[in-house]
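Pasting coords_31.cif here (mmCIF, N, CA and C atoms and all ligand atoms):
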data_input
#
loop_
_atom_site.group_PDB
_atom_site.id
_atom_site.type_symbol
_atom_site.label_atom_id
_atom_site.label_comp_id
_atom_site.auth_asym_id
_atom_site.auth_seq_id
_atom_site.Cartn_x
_atom_site.Cartn_y
_atom_site.Cartn_z
ATOM 1 N N MET K 1 121.927 83.247 97.214
ATOM 2 C CA MET K 1 121.908 84.100 98.416
ATOM 3 C C MET K 1 120.775 85.107 98.344
ATOM 4 N N ALA K 2 120.775 85.921 97.279
ATOM 5 C CA ALA K 2 119.730 86.936 97.147
ATOM 6 C C ALA K 2 118.365 86.270 97.117
ATOM 7 N N ARG K 3 118.304 85.144 96.448
ATOM 8 C CA ARG K 3 117.033 84.455 96.320
ATOM 9 C C ARG K 3 116.535 83.969 97.690
ATOM 10 N N SER K 4 117.444 83.412 98.481
ATOM 11 C CA SER K 4 116.986 82.899 99.773
ATOM 12 C C SER K 4 116.609 84.037 100.717
ATOM 13 N N SER K 5 117.305 85.186 100.615
ATOM 14 C CA SER K 5 116.910 86.282 101.504
ATOM 15 C C SER K 5 115.573 86.866 101.061
ATOM 16 N N ALA K 6 115.317 86.859 99.746
ATOM 17 C CA ALA K 6 114.000 87.306 99.276
ATOM 18 C C ALA K 6 112.914 86.368 99.808
ATOM 19 N N LYS K 7 113.214 85.092 99.794
ATOM 20 C CA LYS K 7 112.244 84.121 100.319
ATOM 21 C C LYS K 7 111.994 84.347 101.805
ATOM 22 N N ALA K 8 113.064 84.639 102.525
ATOM 23 C CA ALA K 8 112.915 84.902 103.951
ATOM 24 C C ALA K 8 112.056 86.140 104.177
ATOM 25 N N ALA K 9 112.271 87.163 103.344
ATOM 26 C CA ALA K 9 111.482 88.386 103.472
ATOM 27 C C ALA K 9 110.005 88.105 103.194
ATOM 28 N N ILE K 10 109.748 87.305 102.184
ATOM 29 C CA ILE K 10 108.365 86.961 101.862
ATOM 30 C C ILE K 10 107.745 86.153 102.995
ATOM 31 N N ALA K 11 108.509 85.226 103.537
ATOM 32 C CA ALA K 11 107.997 84.410 104.642
ATOM 33 C C ALA K 11 107.658 85.299 105.833
ATOM 34 N N THR K 12 108.505 86.288 106.085
ATOM 35 C CA THR K 12 108.244 87.205 107.188
ATOM 36 C C THR K 12 106.980 87.998 106.922
ATOM 37 N N LEU K 13 106.866 88.510 105.693
ATOM 38 C CA LEU K 13 105.678 89.271 105.314
ATOM 39 C C LEU K 13 104.427 88.422 105.474
ATOM 40 N N LEU K 14 104.520 87.192 105.031
ATOM 41 C CA LEU K 14 103.384 86.275 105.141
ATOM 42 C C LEU K 14 102.992 86.095 106.601
ATOM 43 N N THR K 15 103.978 85.919 107.449
ATOM 44 C CA THR K 15 103.704 85.731 108.876
ATOM 45 C C THR K 15 103.028 86.967 109.449
ATOM 46 N N VAL K 16 103.568 88.135 109.111
ATOM 47 C CA VAL K 16 103.013 89.378 109.636
ATOM 48 C C VAL K 16 101.577 89.555 109.171
ATOM 49 N N ILE K 17 101.347 89.344 107.886
ATOM 50 C CA ILE K 17 100.003 89.548 107.365
ATOM 51 C C ILE K 17 99.029 88.541 107.952
ATOM 52 N N SER K 18 99.445 87.283 108.028
ATOM 53 C CA SER K 18 98.489 86.288 108.518
ATOM 54 C C SER K 18 98.234 86.467 110.008
ATOM 55 N N PHE K 19 99.212 87.054 110.704
ATOM 56 C CA PHE K 19 99.017 87.264 112.133
ATOM 57 C C PHE K 19 98.078 88.430 112.408
ATOM 58 N N PHE K 20 98.281 89.520 111.693
ATOM 59 C CA PHE K 20 97.511 90.723 111.985
ATOM 60 C C PHE K 20 96.240 90.885 111.144
ATOM 61 N N LEU K 21 96.316 90.501 109.890
ATOM 62 C CA LEU K 21 95.233 90.822 108.966
ATOM 63 C C LEU K 21 94.862 89.611 108.126
ATOM 64 N N PRO K 22 94.266 88.613 108.715
ATOM 65 C CA PRO K 22 93.992 87.411 107.920
ATOM 66 C C PRO K 22 93.075 87.699 106.729
ATOM 67 N N GLY K 23 93.603 87.516 105.549
ATOM 68 C CA GLY K 23 92.793 87.656 104.332
ATOM 69 C C GLY K 23 92.474 89.081 103.957
ATOM 70 N N VAL K 24 93.064 90.090 104.655
ATOM 71 C CA VAL K 24 92.751 91.497 104.341
ATOM 72 C C VAL K 24 94.012 92.183 103.876
ATOM 73 N N PHE K 25 93.935 92.911 102.766
ATOM 74 C CA PHE K 25 95.114 93.575 102.215
ATOM 75 C C PHE K 25 94.841 95.068 102.128
ATOM 76 N N ARG K 26 95.690 95.844 102.768
ATOM 77 C CA ARG K 26 95.542 97.300 102.744
ATOM 78 C C ARG K 26 96.748 97.923 102.047
ATOM 79 N N TYR K 27 96.493 98.922 101.204
ATOM 80 C CA TYR K 27 97.574 99.618 100.505
ATOM 81 C C TYR K 27 96.985 100.905 99.948
ATOM 82 N N ASP K 28 97.844 101.754 99.410
ATOM 83 C CA ASP K 28 97.389 103.006 98.811
ATOM 84 C C ASP K 28 96.892 102.710 97.395
ATOM 85 N N TYR K 29 95.587 102.789 97.206
ATOM 86 C CA TYR K 29 95.015 102.395 95.920
ATOM 87 C C TYR K 29 95.436 103.314 94.783
ATOM 88 N N GLN K 30 95.943 104.522 95.106
ATOM 89 C CA GLN K 30 96.390 105.421 94.039
ATOM 90 C C GLN K 30 97.783 105.048 93.536
ATOM 91 N N LEU K 31 98.517 104.296 94.343
ATOM 92 C CA LEU K 31 99.882 103.919 93.954
ATOM 93 C C LEU K 31 99.969 102.461 93.530
ATOM 94 N N ASP K 32 99.187 101.626 94.144
ATOM 95 C CA ASP K 32 99.352 100.193 93.961
ATOM 96 C C ASP K 32 98.029 99.524 93.632
ATOM 97 N N ASN K 33 98.157 98.351 93.136
ATOM 98 C CA ASN K 33 96.987 97.489 93.027
ATOM 99 C C ASN K 33 97.456 96.106 93.445
ATOM 100 N N MET K 34 96.597 95.153 93.329
ATOM 101 C CA MET K 34 96.981 93.813 93.724
ATOM 102 C C MET K 34 96.421 92.827 92.728
ATOM 103 N N LEU K 35 97.247 91.926 92.286
ATOM 104 C CA LEU K 35 96.805 90.912 91.343
ATOM 105 C C LEU K 35 96.862 89.551 92.001
ATOM 106 N N VAL K 36 95.831 88.775 91.772
ATOM 107 C CA VAL K 36 95.866 87.369 92.167
ATOM 108 C C VAL K 36 96.138 86.575 90.895
ATOM 109 N N VAL K 37 97.244 85.887 90.886
ATOM 110 C CA VAL K 37 97.697 85.174 89.694
ATOM 111 C C VAL K 37 97.857 83.693 90.028
ATOM 112 N N ASN K 38 98.142 82.896 89.036
ATOM 113 C CA ASN K 38 98.432 81.492 89.347
ATOM 114 C C ASN K 38 99.945 81.332 89.570
ATOM 115 N N GLN K 39 100.361 80.110 89.784
ATOM 116 C CA GLN K 39 101.759 79.890 90.166
ATOM 117 C C GLN K 39 102.724 80.371 89.095
ATOM 118 N N THR K 40 102.354 80.206 87.828
ATOM 119 C CA THR K 40 103.223 80.664 86.743
ATOM 120 C C THR K 40 103.398 82.177 86.812
ATOM 121 N N GLY K 41 102.291 82.895 86.974
ATOM 122 C CA GLY K 41 102.352 84.348 87.069
ATOM 123 C C GLY K 41 103.163 84.792 88.272
ATOM 124 N N TYR K 42 103.023 84.057 89.359
ATOM 125 C CA TYR K 42 103.770 84.371 90.579
ATOM 126 C C TYR K 42 105.270 84.223 90.351
ATOM 127 N N GLU K 43 105.661 83.129 89.714
ATOM 128 C CA GLU K 43 107.088 82.848 89.547
ATOM 129 C C GLU K 43 107.727 83.735 88.485
ATOM 130 N N THR K 44 106.980 84.057 87.418
ATOM 131 C CA THR K 44 107.563 84.833 86.318
ATOM 132 C C THR K 44 107.353 86.332 86.484
ATOM 133 N N CYS K 45 106.478 86.721 87.390
ATOM 134 C CA CYS K 45 106.096 88.135 87.540
ATOM 135 C C CYS K 45 105.381 88.661 86.306
ATOM 136 N N ILE K 46 104.823 87.767 85.515
ATOM 137 C CA ILE K 46 104.003 88.174 84.380
ATOM 138 C C ILE K 46 102.589 87.671 84.649
ATOM 139 N N PRO K 47 101.628 88.581 84.836
ATOM 140 C CA PRO K 47 100.272 88.130 85.178
ATOM 141 C C PRO K 47 99.735 87.168 84.122
ATOM 142 N N ASN K 48 99.258 86.038 84.545
ATOM 143 C CA ASN K 48 98.705 85.053 83.617
ATOM 144 C C ASN K 48 97.355 85.526 83.112
ATOM 145 N N GLU K 49 96.941 84.924 82.008
ATOM 146 C CA GLU K 49 95.608 85.191 81.498
ATOM 147 C C GLU K 49 94.603 84.798 82.575
ATOM 148 N N GLY K 50 93.613 85.642 82.792
ATOM 149 C CA GLY K 50 92.604 85.311 83.786
ATOM 150 C C GLY K 50 92.980 85.735 85.200
ATOM 151 N N TYR K 51 94.036 86.563 85.332
ATOM 152 C CA TYR K 51 94.374 87.063 86.663
ATOM 153 C C TYR K 51 93.229 87.937 87.178
ATOM 154 N N ILE K 52 93.168 88.107 88.485
ATOM 155 C CA ILE K 52 92.138 88.948 89.093
ATOM 156 C C ILE K 52 92.813 90.167 89.691
ATOM 157 N N GLU K 53 92.287 91.345 89.362
ATOM 158 C CA GLU K 53 92.863 92.576 89.880
ATOM 159 C C GLU K 53 91.989 93.143 90.992
ATOM 160 N N TYR K 54 92.635 93.582 92.053
ATOM 161 C CA TYR K 54 91.956 94.287 93.137
ATOM 162 C C TYR K 54 92.573 95.671 93.223
ATOM 163 N N ASN K 55 91.759 96.691 93.457
ATOM 164 C CA ASN K 55 92.330 98.039 93.518
ATOM 165 C C ASN K 55 91.553 98.966 94.447
ATOM 166 N N THR K 56 90.884 98.399 95.423
ATOM 167 C CA THR K 56 90.139 99.261 96.344
ATOM 168 C C THR K 56 91.043 99.828 97.433
ATOM 169 N N GLY K 57 92.195 99.201 97.660
ATOM 170 C CA GLY K 57 93.076 99.631 98.741
ATOM 171 C C GLY K 57 92.776 98.923 100.050
ATOM 172 N N GLU K 58 91.648 98.234 100.094
ATOM 173 C CA GLU K 58 91.310 97.478 101.303
ATOM 174 C C GLU K 58 90.515 96.254 100.872
ATOM 175 N N ASP K 59 91.246 95.284 100.381
ATOM 176 C CA ASP K 59 90.601 94.137 99.757
ATOM 177 C C ASP K 59 90.472 92.984 100.729
ATOM 178 N N MET K 60 89.320 92.377 100.713
ATOM 179 C CA MET K 60 89.136 91.154 101.488
ATOM 180 C C MET K 60 89.021 90.013 100.505
ATOM 181 N N ILE K 61 89.798 89.002 100.746
ATOM 182 C CA ILE K 61 89.851 87.888 99.815
ATOM 183 C C ILE K 61 89.527 86.602 100.540
ATOM 184 N N GLN K 62 88.594 85.873 99.967
ATOM 185 C CA GLN K 62 88.258 84.558 100.505
ATOM 186 C C GLN K 62 89.317 83.580 100.008
ATOM 187 N N LEU K 63 90.032 82.967 100.916
ATOM 188 C CA LEU K 63 91.079 82.041 100.511
ATOM 189 C C LEU K 63 90.510 80.649 100.320
ATOM 190 N N ALA K 64 90.742 80.108 99.134
ATOM 191 C CA ALA K 64 90.361 78.721 98.899
ATOM 192 C C ALA K 64 91.464 77.822 99.448
ATOM 193 N N TYR K 65 91.128 76.615 99.823
ATOM 194 C CA TYR K 65 92.154 75.691 100.283
ATOM 195 C C TYR K 65 93.089 75.375 99.122
ATOM 196 N N GLY K 66 94.367 75.237 99.432
ATOM 197 C CA GLY K 66 95.367 75.007 98.400
ATOM 198 C C GLY K 66 96.207 76.252 98.222
ATOM 199 N N GLY K 67 96.992 76.295 97.167
ATOM 200 C CA GLY K 67 97.898 77.423 96.964
ATOM 201 C C GLY K 67 97.168 78.655 96.494
ATOM 202 N N ASN K 68 97.497 79.796 97.063
ATOM 203 C CA ASN K 68 96.979 81.079 96.616
ATOM 204 C C ASN K 68 98.166 81.991 96.383
ATOM 205 N N TYR K 69 98.180 82.723 95.276
ATOM 206 C CA TYR K 69 99.337 83.511 94.906
ATOM 207 C C TYR K 69 98.936 84.945 94.653
ATOM 208 N N PHE K 70 99.702 85.855 95.211
ATOM 209 C CA PHE K 70 99.385 87.264 95.067
ATOM 210 C C PHE K 70 100.617 88.045 94.651
ATOM 211 N N ILE K 71 100.422 88.982 93.752
ATOM 212 C CA ILE K 71 101.479 89.927 93.412
ATOM 213 C C ILE K 71 101.037 91.284 93.931
ATOM 214 N N GLY K 72 101.938 91.958 94.601
ATOM 215 C CA GLY K 72 101.588 93.215 95.248
ATOM 216 C C GLY K 72 101.110 94.284 94.292
ATOM 217 N N THR K 73 101.783 94.441 93.169
ATOM 218 C CA THR K 73 101.349 95.416 92.186
ATOM 219 C C THR K 73 101.641 94.849 90.808
ATOM 220 N N ALA K 74 101.071 95.509 89.787
ATOM 221 C CA ALA K 74 101.296 95.056 88.423
ATOM 222 C C ALA K 74 102.626 95.577 87.874
ATOM 223 N N THR K 75 103.360 96.353 88.652
ATOM 224 C CA THR K 75 104.641 96.889 88.191
ATOM 225 C C THR K 75 105.701 95.801 88.303
ATOM 226 N N PRO K 76 106.276 95.367 87.166
ATOM 227 C CA PRO K 76 107.196 94.220 87.204
ATOM 228 C C PRO K 76 108.361 94.420 88.165
ATOM 229 N N GLY K 77 108.936 95.605 88.235
ATOM 230 C CA GLY K 77 110.078 95.839 89.120
ATOM 231 C C GLY K 77 109.738 95.545 90.569
ATOM 232 N N ASP K 78 108.528 95.880 90.957
ATOM 233 C CA ASP K 78 108.111 95.617 92.327
ATOM 234 C C ASP K 78 108.026 94.120 92.579
ATOM 235 N N CYS K 79 107.530 93.412 91.586
ATOM 236 C CA CYS K 79 107.416 91.958 91.734
ATOM 237 C C CYS K 79 108.795 91.331 91.840
ATOM 238 N N TRP K 80 109.721 91.739 90.939
ATOM 239 C CA TRP K 80 111.075 91.184 90.988
ATOM 240 C C TRP K 80 111.757 91.562 92.284
ATOM 241 N N GLY K 81 111.400 92.715 92.832
ATOM 242 C CA GLY K 81 111.979 93.145 94.095
ATOM 243 C C GLY K 81 111.477 92.331 95.277
ATOM 244 N N GLY K 82 110.536 91.440 95.031
ATOM 245 C CA GLY K 82 110.052 90.565 96.089
ATOM 246 C C GLY K 82 108.703 90.982 96.647
ATOM 247 N N MET K 83 108.068 91.964 96.004
ATOM 248 C CA MET K 83 106.773 92.431 96.501
ATOM 249 C C MET K 83 105.684 91.509 95.964
ATOM 250 N N LYS K 84 105.707 90.319 96.492
ATOM 251 C CA LYS K 84 104.716 89.329 96.105
ATOM 252 C C LYS K 84 104.587 88.343 97.243
ATOM 253 N N LEU K 85 103.543 87.576 97.185
ATOM 254 C CA LEU K 85 103.200 86.775 98.341
ATOM 255 C C LEU K 85 102.510 85.495 97.888
ATOM 256 N N ALA K 86 102.960 84.383 98.431
ATOM 257 C CA ALA K 86 102.293 83.110 98.177
ATOM 258 C C ALA K 86 101.679 82.628 99.486
ATOM 259 N N ILE K 87 100.435 82.251 99.448
ATOM 260 C CA ILE K 87 99.759 81.751 100.641
ATOM 261 C C ILE K 87 99.284 80.335 100.370
ATOM 262 N N ASN K 88 99.571 79.454 101.275
ATOM 263 C CA ASN K 88 99.045 78.106 101.168
ATOM 264 C C ASN K 88 98.002 77.943 102.267
ATOM 265 N N ALA K 89 96.738 78.053 101.893
ATOM 266 C CA ALA K 89 95.660 77.955 102.867
ATOM 267 C C ALA K 89 95.364 76.481 103.114
ATOM 268 N N LEU K 90 95.572 76.055 104.349
ATOM 269 C CA LEU K 90 95.405 74.654 104.684
ATOM 270 C C LEU K 90 93.988 74.369 105.187
ATOM 271 N N ALA K 91 93.506 73.191 104.921
ATOM 272 C CA ALA K 91 92.197 72.794 105.420
ATOM 273 C C ALA K 91 92.245 72.758 106.941
ATOM 274 N N PRO K 92 91.128 73.044 107.606
ATOM 275 C CA PRO K 92 91.113 73.058 109.083
ATOM 276 C C PRO K 92 91.555 71.711 109.639
ATOM 277 N N ASP K 93 92.243 71.762 110.778
ATOM 278 C CA ASP K 93 92.716 70.570 111.444
ATOM 279 C C ASP K 93 91.557 69.977 112.252
ATOM 280 N N ASN K 94 91.165 68.764 111.945
ATOM 281 C CA ASN K 94 90.007 68.149 112.596
ATOM 282 C C ASN K 94 90.230 67.861 114.068
ATOM 283 N N LYS K 95 91.490 67.857 114.483
ATOM 284 C CA LYS K 95 91.774 67.554 115.884
ATOM 285 C C LYS K 95 91.356 68.695 116.830
ATOM 286 N N ASP K 96 91.153 69.904 116.291
ATOM 287 C CA ASP K 96 90.803 71.049 117.138
ATOM 288 C C ASP K 96 89.361 70.961 117.634
HETATM 289 C C1 LIG M 1 98.540 79.975 84.561
HETATM 290 O O1 LIG M 1 97.685 80.511 83.579
HETATM 291 C C2 LIG M 1 98.237 80.491 82.264
HETATM 292 C C3 LIG M 1 97.252 81.210 81.348
HETATM 293 O O2 LIG M 1 95.946 80.733 81.504
HETATM 294 C C4 LIG M 1 98.489 79.032 81.849
HETATM 295 O O3 LIG M 1 99.067 79.002 80.567
HETATM 296 C C5 LIG M 1 99.426 78.383 82.859
HETATM 297 O O4 LIG M 1 99.601 77.025 82.540
HETATM 298 C C6 LIG M 1 98.843 78.521 84.261
HETATM 299 N N1 LIG M 1 99.792 77.973 85.216
HETATM 300 C C7 LIG M 1 99.423 77.121 86.185
HETATM 301 C C8 LIG M 1 100.501 76.672 87.121
HETATM 302 O O5 LIG M 1 98.270 76.729 86.319
#
Rewrite the coordinates I just gave you, this time as structure tokens.
Ligand SMILES: *[C@@H]1O[C@H](CO)[C@@H](O)[C@H](O)[C@H]1NC(C)=O
Amino acid sequence: MARSSAKAAIATLLTVISFFLPGVFRYDYQLDNMLVVNQTGYETCIPNEGYIEYNTGEDMIQLAYGGNYFIGTATPGDCWGGMKLAINALAPDNKD
């Protein structure tokens, strides 16, 4: 139950972010940072070796096609609380 509601919250967050701010992340850089991790880091909330840290408070990220995983901050409690985001950037649809 808790897990599915966390997933729903993340899905909502993903929708909101992709609708309003495609690829742009804004936050208070004095309180938070943002880590781009791989799937293992995303699932365990432990940043994997080679993670990328952003801390400007207004980060623009070029999304590669395929899975992209983001953790809102390096604070584990925040990650377990659901403050993380997975983005699956799809290749453009040729029919458009
Ligand atoms: C994530 O990175 C860690 C450390 O480099 C590695 O051990 C792990 O296999 C990676 N996970 C995935 C899903 O690539």
As a quick test: using only N, CA and C atoms and all ligand atoms, which residues lie no more than 5 Å away from ligand LIG 1 (chain M)? Give them as JSON, numbers by chain. {"K": [39, 40, 48, 49]}
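The interatomic distance for the pair atom CA of Cys79 of chain K and atom CA of Cys45 of chain K works out to 5.8 Å.
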Nearest to Val36 of chain K, chosen from K:Val24, K:Ala64, K:Ile71, K:Ala89, with only C-alpha atoms counted in the distances: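 Looking at the shortest contact to Val36 of chain K, the residue is K:Ile71.
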Between K:Glu43, K:Asp32, K:Asp93, K:Asp78, single out the one closest to Gly57 of chain K, counting all atoms listed in the file.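 Closest residue, counting all atoms listed in the file: K:Asp32.
Each of K:Gly77, K:Val37, K:Phe70, K:Leu63 was checked against Leu90 of chain K using only N, CA and C atoms; the smallest atom-to-atom distance is that of K:Leu63.
This file gives the following result for the PyMOL selection byres (((chain K and resi 69) around 8) and not hetatm): Leu35, Val36, Val37, Asn38, Gln39, Gly41, Tyr42, Gly66, Gly67, Asn68, Phe70, Ile71, Gly72, Lys84, Leu85, Ala86, Ile87 and Asn88 of chain K.
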Within 7 Å of Asn55 of chain K, counting all atoms listed in the file, which residues show up once you throw out same-chain ones fewer than 4 positions away? Write them as an NGL selection string, please. :K and (29 or 32-34 or 59)
Straight-line distance linking atom CA of Pro47 of chain K with atom CA of Ala74 of chain K, stated in Å to one decimal: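 One can read the atom CA of Pro47 of chain K to atom CA of Ala74 of chain K distance as 7.7 Å.
Rounded to one decimal, atom CA of Ile61 of chain K and atom CA of Thr73 of chain K lie 15.7 Å from each other.
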